[in-house]
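This is data.txt. It holds compact mmCIF, C-alpha atoms.
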# COMPACT_ATOMS: atom_id res chain seq x y z
CA ARG A 461 16.46 -62.60 31.99
CA HIS A 462 14.81 -64.65 34.74
CA MET A 463 15.52 -63.07 38.10
CA LYS A 464 15.52 -64.90 41.43
CA ASP A 465 12.66 -64.16 43.81
CA GLY A 466 15.09 -62.92 46.47
CA GLU A 467 16.60 -60.38 44.08
CA ILE A 468 13.17 -59.09 43.06
CA ILE A 469 11.98 -58.77 46.67
CA LYS A 470 15.17 -56.94 47.65
CA ARG A 471 14.65 -54.38 44.89
CA LEU A 472 10.95 -53.89 45.68
CA LEU A 473 11.55 -53.43 49.41
CA LYS A 474 13.70 -50.37 48.66
CA TYR A 475 10.52 -48.57 47.63
CA ALA A 476 8.69 -49.72 50.78
CA LYS A 477 11.45 -48.68 53.20
CA PRO A 478 10.39 -44.97 53.46
CA TYR A 479 6.93 -46.09 54.60
CA THR A 480 8.07 -48.43 57.37
CA LYS A 481 6.00 -46.61 60.03
CA SER A 482 2.81 -47.07 58.00
CA PHE A 483 3.46 -50.78 57.63
CA ILE A 484 4.09 -51.09 61.39
CA VAL A 485 0.70 -49.49 62.12
CA VAL A 486 -0.93 -51.83 59.59
CA PHE A 487 0.76 -54.78 61.29
CA LEU A 488 -0.66 -53.74 64.70
CA LEU A 489 -4.15 -53.40 63.19
CA MET A 490 -3.70 -56.81 61.59
CA ILE A 491 -3.03 -58.38 65.01
CA VAL A 492 -6.46 -57.18 66.19
CA SER A 493 -8.26 -58.90 63.30
CA ILE A 494 -6.18 -62.05 63.85
CA ALA A 495 -7.23 -62.09 67.52
CA HIS A 496 -10.88 -62.10 66.39
CA GLU A 497 -10.25 -65.10 64.12
CA ILE A 498 -8.75 -67.06 67.02
CA ILE A 499 -11.09 -66.05 69.86
CA SER A 500 -14.47 -66.19 68.08
CA PRO A 501 -14.66 -70.03 67.77
CA LEU A 502 -13.95 -70.38 71.50
CA ILE A 503 -16.79 -67.98 72.32
CA MET A 504 -19.18 -69.83 69.99
CA GLY A 505 -18.22 -73.17 71.53
CA ASP A 506 -18.77 -71.76 75.02
CA LEU A 507 -22.20 -70.45 73.99
CA VAL A 508 -23.22 -73.87 72.64
CA GLU A 509 -22.06 -75.57 75.81
CA THR A 510 -23.91 -73.02 77.97
CA ILE A 511 -27.20 -73.31 76.08
CA GLY A 512 -27.04 -77.10 75.85
CA GLY A 513 -26.12 -77.62 79.51
CA LYS A 514 -28.32 -79.94 81.53
CA ASP A 515 -28.39 -77.62 84.55
CA GLY A 516 -29.68 -74.62 82.59
CA PHE A 517 -27.94 -71.30 82.24
CA GLU A 518 -28.22 -67.70 83.36
CA LEU A 519 -29.63 -65.34 80.75
CA SER A 520 -27.35 -62.53 81.93
CA TYR A 521 -24.26 -64.65 81.14
CA LEU A 522 -25.63 -65.37 77.65
CA PHE A 523 -26.16 -61.65 76.99
CA TYR A 524 -22.66 -60.91 78.27
CA ALA A 525 -21.11 -63.50 75.95
CA ILE A 526 -23.07 -62.22 72.93
CA ILE A 527 -22.12 -58.60 73.65
CA THR A 528 -18.46 -59.63 73.98
CA TYR A 529 -18.57 -61.43 70.64
CA VAL A 530 -20.25 -58.47 68.89
CA ALA A 531 -17.74 -56.02 70.40
CA ILE A 532 -14.80 -58.11 69.19
CA LEU A 533 -16.39 -58.33 65.73
CA ILE A 534 -16.91 -54.55 65.50
CA VAL A 535 -13.33 -53.81 66.60
CA SER A 536 -12.07 -56.31 64.02
CA LEU A 537 -14.12 -54.69 61.23
CA LEU A 538 -12.90 -51.20 62.13
CA SER A 539 -9.27 -52.33 62.25
CA THR A 540 -9.64 -54.06 58.87
CA TYR A 541 -11.17 -50.91 57.36
CA ALA A 542 -8.37 -48.67 58.72
CA GLN A 543 -5.81 -51.20 57.50
CA SER A 544 -7.24 -51.16 53.96
CA ILE A 545 -7.26 -47.34 53.80
CA MET A 546 -3.64 -47.08 54.94
CA LEU A 547 -2.47 -49.79 52.55
CA GLN A 548 -4.17 -48.14 49.57
CA LYS A 549 -2.58 -44.77 50.30
CA THR A 550 0.85 -46.29 50.89
CA GLY A 551 0.62 -48.51 47.80
CA GLN A 552 -0.30 -45.58 45.55
CA ARG A 553 2.65 -43.55 46.84
CA ILE A 554 5.02 -46.45 46.22
CA VAL A 555 3.80 -47.06 42.67
CA SER A 556 3.99 -43.32 41.98
CA ASN A 557 7.64 -43.26 43.04
CA MET A 558 8.33 -46.36 40.97
CA ARG A 559 6.76 -44.86 37.85
CA GLU A 560 8.75 -41.64 38.28
CA ASP A 561 12.01 -43.59 38.58
CA LEU A 562 11.15 -45.75 35.58
CA TYR A 563 10.15 -42.76 33.46
CA GLU A 564 13.35 -40.93 34.45
CA HIS A 565 15.42 -43.97 33.51
CA ILE A 566 13.67 -44.31 30.13
CA SER A 567 14.28 -40.59 29.47
CA SER A 568 17.99 -41.09 30.14
CA LEU A 569 18.34 -43.85 27.52
CA SER A 570 20.16 -43.02 24.30
CA HIS A 571 18.39 -42.83 20.91
CA ASN A 572 20.05 -46.07 19.89
CA GLN A 573 18.69 -47.86 22.96
CA LEU A 574 15.20 -46.42 22.52
CA ASN A 575 15.13 -47.54 18.88
CA LYS A 576 15.67 -51.13 20.03
CA ILE A 577 12.69 -51.04 22.43
CA PRO A 578 9.17 -50.96 20.94
CA VAL A 579 6.93 -48.14 22.21
CA GLY A 580 4.28 -50.63 23.34
CA THR A 581 6.82 -52.29 25.63
CA LEU A 582 7.67 -49.02 27.34
CA VAL A 583 3.99 -48.10 27.81
CA THR A 584 3.19 -51.53 29.25
CA ARG A 585 6.10 -51.36 31.70
CA VAL A 586 5.18 -47.90 33.02
CA THR A 587 1.42 -48.54 33.32
CA ASN A 588 0.30 -52.18 33.54
CA ASP A 589 3.36 -53.74 35.18
CA THR A 590 3.77 -51.05 37.84
CA ASN A 591 0.07 -51.34 38.65
CA SER A 592 0.53 -55.09 39.15
CA ILE A 593 3.35 -54.38 41.60
CA SER A 594 1.13 -51.85 43.41
CA ILE A 595 -1.28 -54.68 44.29
CA THR A 596 1.58 -56.40 46.10
CA PHE A 597 1.97 -53.56 48.58
CA THR A 598 -1.76 -52.85 48.99
CA ASN A 599 -2.96 -56.41 49.36
CA ILE A 600 -0.66 -59.36 48.91
CA ILE A 601 2.19 -58.81 51.40
CA VAL A 602 0.01 -57.93 54.40
CA ASN A 603 -2.54 -60.64 53.68
CA LEU A 604 0.22 -63.20 53.22
CA LEU A 605 1.54 -62.37 56.70
CA LYS A 606 -1.98 -62.26 58.13
CA ASN A 607 -2.89 -65.68 56.76
CA CYS A 608 0.38 -67.17 58.03
CA PHE A 609 -0.24 -65.78 61.53
CA ILE A 610 -3.85 -67.01 61.45
CA ILE A 611 -2.69 -70.52 60.56
CA ILE A 612 -0.14 -70.51 63.41
CA GLY A 613 -2.61 -69.01 65.92
CA VAL A 614 -5.43 -71.36 64.97
CA LEU A 615 -3.09 -74.34 65.17
CA ALA A 616 -1.95 -73.31 68.66
CA ALA A 617 -5.56 -72.86 69.82
CA MET A 618 -6.51 -76.26 68.40
CA LEU A 619 -3.61 -77.95 70.21
CA ILE A 620 -4.67 -76.41 73.51
CA LEU A 621 -8.32 -77.31 72.95
CA ASN A 622 -7.82 -80.93 71.86
CA TYR A 623 -4.47 -82.23 70.63
CA MET A 624 -5.95 -85.51 69.33
CA LEU A 625 -8.25 -83.79 66.85
CA THR A 626 -5.43 -81.40 65.96
CA LEU A 627 -3.18 -84.32 65.01
CA MET A 628 -5.99 -85.61 62.83
CA VAL A 629 -6.16 -82.28 60.98
CA LEU A 630 -2.37 -82.12 60.63
CA CYS A 631 -2.42 -85.40 58.72
CA PHE A 632 -3.73 -83.42 55.73
CA VAL A 633 -1.06 -80.69 55.88
CA PRO A 634 1.74 -82.61 54.01
CA PHE A 635 -0.56 -82.94 51.00
CA VAL A 636 -1.16 -79.18 51.04
CA VAL A 637 2.59 -78.53 51.13
CA ILE A 638 3.18 -80.84 48.17
CA PHE A 639 0.38 -79.21 46.16
CA ALA A 640 1.76 -75.73 46.97
CA PHE A 641 5.27 -76.67 45.84
CA VAL A 642 4.03 -78.04 42.51
CA PHE A 643 1.66 -75.07 42.08
CA ARG A 644 4.51 -72.57 42.59
CA LYS A 645 6.56 -74.14 39.80
CA PHE A 646 3.83 -74.11 37.16
CA SER A 647 2.23 -70.82 38.24
CA ARG A 648 5.37 -68.75 37.59
CA LYS A 649 5.76 -70.20 34.07
CA ALA A 650 2.08 -69.51 33.32
CA HIS A 651 2.38 -65.87 34.42
CA ARG A 652 5.48 -65.34 32.32
CA LYS A 653 3.64 -66.58 29.24
CA VAL A 654 0.71 -64.24 29.96
CA LYS A 655 3.00 -61.24 30.45
CA ASN A 656 4.89 -62.04 27.24
CA GLY A 657 1.64 -62.43 25.30
CA THR A 658 0.23 -59.16 26.67
CA THR A 659 3.42 -57.32 25.75
CA ASP A 660 3.37 -58.72 22.21
CA ILE A 661 -0.24 -57.60 21.72
CA ASN A 662 0.52 -54.08 23.00
CA ILE A 663 3.61 -53.77 20.82
CA PHE A 664 1.73 -54.98 17.74
CA LEU A 665 -1.19 -52.58 18.29
CA SER A 666 1.04 -49.60 19.04
CA GLU A 667 3.19 -50.04 15.94
CA HIS A 668 0.50 -51.00 13.47
CA LEU A 669 -2.16 -48.50 14.50
CA SER A 670 0.37 -45.66 14.21
CA GLY A 671 1.53 -47.03 10.82
CA MET A 672 -1.90 -47.95 9.47
CA LYS A 673 -1.54 -45.70 6.40
CA ILE A 674 1.61 -47.55 5.31
CA ILE A 675 -0.14 -50.93 5.80
CA GLN A 676 -3.03 -49.76 3.62
CA ILE A 677 -0.72 -48.40 0.93
CA PHE A 678 1.00 -51.78 0.55
CA ASN A 679 -2.32 -53.67 0.89
CA ARG A 680 -1.18 -55.74 3.90
CA GLU A 681 -4.43 -55.57 5.93
CA GLU A 682 -5.29 -59.26 5.64
CA ARG A 683 -1.76 -60.38 6.48
CA LYS A 684 -1.61 -58.12 9.54
CA GLN A 685 -5.06 -59.28 10.62
CA GLN A 686 -3.85 -62.87 10.45
CA THR A 687 -0.75 -62.01 12.49
CA PHE A 688 -2.88 -60.27 15.11
CA GLU A 689 -5.17 -63.29 15.38
CA GLU A 690 -2.14 -65.54 15.91
CA LYS A 691 -0.82 -63.32 18.71
CA ASN A 692 -4.29 -63.06 20.22
CA SER A 693 -4.63 -66.85 20.11
CA THR A 694 -1.26 -67.23 21.85
CA LEU A 695 -2.36 -64.86 24.63
CA ARG A 696 -5.68 -66.68 24.97
CA LYS A 697 -3.91 -70.03 25.35
CA ALA A 698 -1.55 -68.53 27.95
CA LYS A 699 -4.47 -67.17 29.99
CA LEU A 700 -6.32 -70.49 29.74
CA GLY A 701 -3.16 -72.26 30.93
CA GLN A 702 -2.92 -69.86 33.87
CA MET A 703 -6.56 -70.51 34.80
CA PHE A 704 -6.01 -74.25 34.45
CA VAL A 705 -3.04 -74.23 36.85
CA PHE A 706 -4.92 -72.21 39.46
CA GLY A 707 -8.16 -74.15 38.87
CA ILE A 708 -6.50 -77.41 39.90
CA PHE A 709 -4.84 -76.26 43.13
CA ARG A 710 -7.81 -74.60 44.87
CA PRO A 711 -10.24 -77.57 44.45
CA MET A 712 -7.55 -79.90 45.83
CA VAL A 713 -7.22 -77.79 48.98
CA TYR A 714 -11.01 -77.66 49.29
CA MET A 715 -11.14 -81.44 48.97
CA LEU A 716 -8.70 -81.74 51.88
CA TYR A 717 -10.85 -79.32 53.90
CA ILE A 718 -14.00 -81.40 53.34
CA SER A 719 -12.10 -84.58 54.25
CA SER A 720 -10.91 -83.08 57.53
CA VAL A 721 -14.45 -81.93 58.40
CA LEU A 722 -15.83 -85.41 57.73
CA CYS A 723 -13.14 -86.92 59.97
CA LEU A 724 -14.00 -84.39 62.68
CA PHE A 725 -17.69 -85.27 62.58
CA TYR A 726 -16.91 -88.99 62.60
CA PHE A 727 -14.51 -88.94 65.57
CA GLY A 728 -16.48 -86.21 67.33
CA ALA A 729 -19.83 -87.97 67.07
CA LYS A 730 -18.31 -91.31 68.02
CA GLY A 731 -16.56 -89.82 71.03
CA TYR A 732 -19.58 -87.82 72.22
CA LEU A 733 -22.29 -90.46 71.68
CA ASN A 734 -20.31 -93.47 72.90
CA ASN A 735 -18.22 -91.66 75.51
CA THR A 736 -15.14 -92.84 73.65
CA VAL A 737 -11.79 -91.56 74.90
CA PHE A 738 -9.16 -90.78 72.24
CA LEU A 739 -5.57 -90.54 73.45
CA GLY A 740 -6.79 -89.80 76.94
CA GLN A 741 -9.15 -86.97 75.88
CA THR A 742 -12.95 -86.90 75.76
CA ILE A 743 -14.77 -84.86 73.12
CA ALA A 744 -17.49 -82.45 74.25
CA VAL A 745 -20.03 -80.57 72.12
CA ASN A 746 -18.26 -77.24 72.49
CA VAL A 747 -15.03 -78.85 71.26
CA ILE A 748 -16.75 -80.13 68.10
CA VAL A 749 -18.32 -76.71 67.39
CA SER A 750 -15.07 -74.83 68.00
CA PHE A 751 -13.04 -77.32 65.96
CA TYR A 752 -15.44 -77.10 63.04
CA GLN A 753 -14.88 -73.35 62.89
CA TYR A 754 -11.16 -73.72 63.47
CA ILE A 755 -10.83 -76.18 60.58
CA ASN A 756 -12.59 -73.67 58.33
CA LYS A 757 -10.29 -70.89 59.57
CA PHE A 758 -7.29 -73.18 59.10
CA PHE A 759 -7.96 -74.16 55.48
CA THR A 760 -9.45 -70.84 54.30
CA PRO A 761 -6.13 -68.99 54.79
CA ILE A 762 -4.39 -71.80 52.92
CA GLN A 763 -6.77 -71.30 49.99
CA ASN A 764 -6.23 -67.53 50.25
CA LEU A 765 -2.49 -68.11 50.31
CA ALA A 766 -2.83 -69.95 47.00
CA GLU A 767 -4.65 -67.00 45.44
CA GLN A 768 -2.22 -64.46 46.91
CA PHE A 769 0.72 -66.58 45.85
CA ASN A 770 -0.77 -66.64 42.36
CA ARG A 771 -0.88 -62.83 42.37
CA LEU A 772 2.62 -62.70 43.82
CA GLN A 773 3.90 -64.71 40.87
CA ALA A 774 2.20 -62.19 38.57
CA THR A 775 3.99 -59.41 40.44
CA PHE A 776 7.35 -61.14 40.10
CA ALA A 777 6.74 -61.65 36.39
CA SER A 778 5.92 -57.91 36.03
CA ALA A 779 8.99 -56.94 38.07
CA GLU A 780 11.18 -59.05 35.79
CA LYS A 781 9.84 -57.16 32.79
CA ILE A 782 10.42 -53.77 34.43
CA TYR A 783 13.97 -54.53 35.48
CA LYS A 784 14.78 -55.65 31.96
CA ILE A 785 14.40 -51.97 31.05
CA TYR A 786 16.90 -51.05 33.77
CA PHE A 787 19.39 -53.56 32.39
CA ARG A 788 19.36 -51.96 28.96

Can you turn what I pasted into structure tokens?
Amino acid sequence: RHMKDGEIIKRLLKYAKPYTKSFIVVFLLMIVSIAHEIISPLIMGDLVETIGGKDGFELSYLFYAIITYVAILIVSLLSTYAQSIMLQKTGQRIVSNMREDLYEHISSLSHNQLNKIPVGTLVTRVTNDTNSISITFTNIIVNLLKNCFIIIGVLAAMLILNYMLTLMVLCFVPFVVIFAFVFRKFSRKAHRKVKNGTTDINIFLSEHLSGMKIIQIFNREERKQQTFEEKNSTLRKAKLGQMFVFGIFRPMVYMLYISSVLCLFYFGAKGYLNNTVFLGQTIAVNVIVSFYQYINKFFTPIQNLAEQFNRLQATFASAEKIYKIYFR
């Protein structure tokens, strides 16, 4: 059974609902770290403009700006640390509740139903697959929201700072959207193959190690070894396919990032050296410095989104396997 993403998310959120207060606190801490990502390039650009000014600068103002930047950085680090601790505790509680429910459901199955399900499948569902879902609550969901807010905040700051350069960066966004759509389609299939291959290996090992005496009595060691190598080869190919899918998307996004940086340096240097006006806006040194950092902060979350989306597909694949047990 292939479940829709909406159905899987709806079922998983039932386990997160009792910990709504914890997620609200994490969200507030996340806003602090997002503020650092948005404000820090403006401070760095202001520092460059102050130091490179023709009229000189006051040393006291420089110290004040540096202290402000360090203070914001420390607050951001502390909020990120507190956020990680809370997420780990909440995620472990959620996965514990999920394992208890799954174990209780398996215990309620009839003998006839249990005979149809290999032992390795049940062990994999209770241990490996629930642990994969745990990562969703401790890492993926919050970081997905954080990266989305960072992209929106950075984009807003770039528009305020210089809308011409922002439009230049946005020219690369449609390509990212197309790559993400294609990546989503192939990533889910790759994760399903990996999960199926892992389950087959666990089932094979569980059944044949417990029945090794019977295999030896009938002299089937070589045949079983050959079967194991075939299953192992299938899993290896599935994992290589998964790596191949992910290995194509991330370099493409990085290529777009490098292209946008090169365009920034070209237009920025041309505008600053030749006093060229683009769409009614001049480009100063602090704008180039701030935009360089903003471009990095704009494309880095996109790359992180790809990795988190990859893990999210693994979670959905694990959830599909778990809920197959519930549908028995």

ask   = How far is it from atom CA of A:Lys684 to atom CA of A:Arg696, in Å with one decimal?
value = 18.1 Å

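Coordinates place atom CA of A:Leu695 at a distance of 25.9 Å from atom CA of A:Leu765.
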
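Atom CA of A:Met712 lies 24.2 Å from atom CA of A:Met624.
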
remark   = A:Ile503 proximity check over A:Leu724, A:Met558, A:Ile491, A:Val749, using all atoms listed in the file: winner is A:Val749

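With distances restricted to all atoms listed in the file, A:Ile526 is the closest residue to A:Met504 from A:Ile526, A:Ile661, A:Phe487, A:Gln548.
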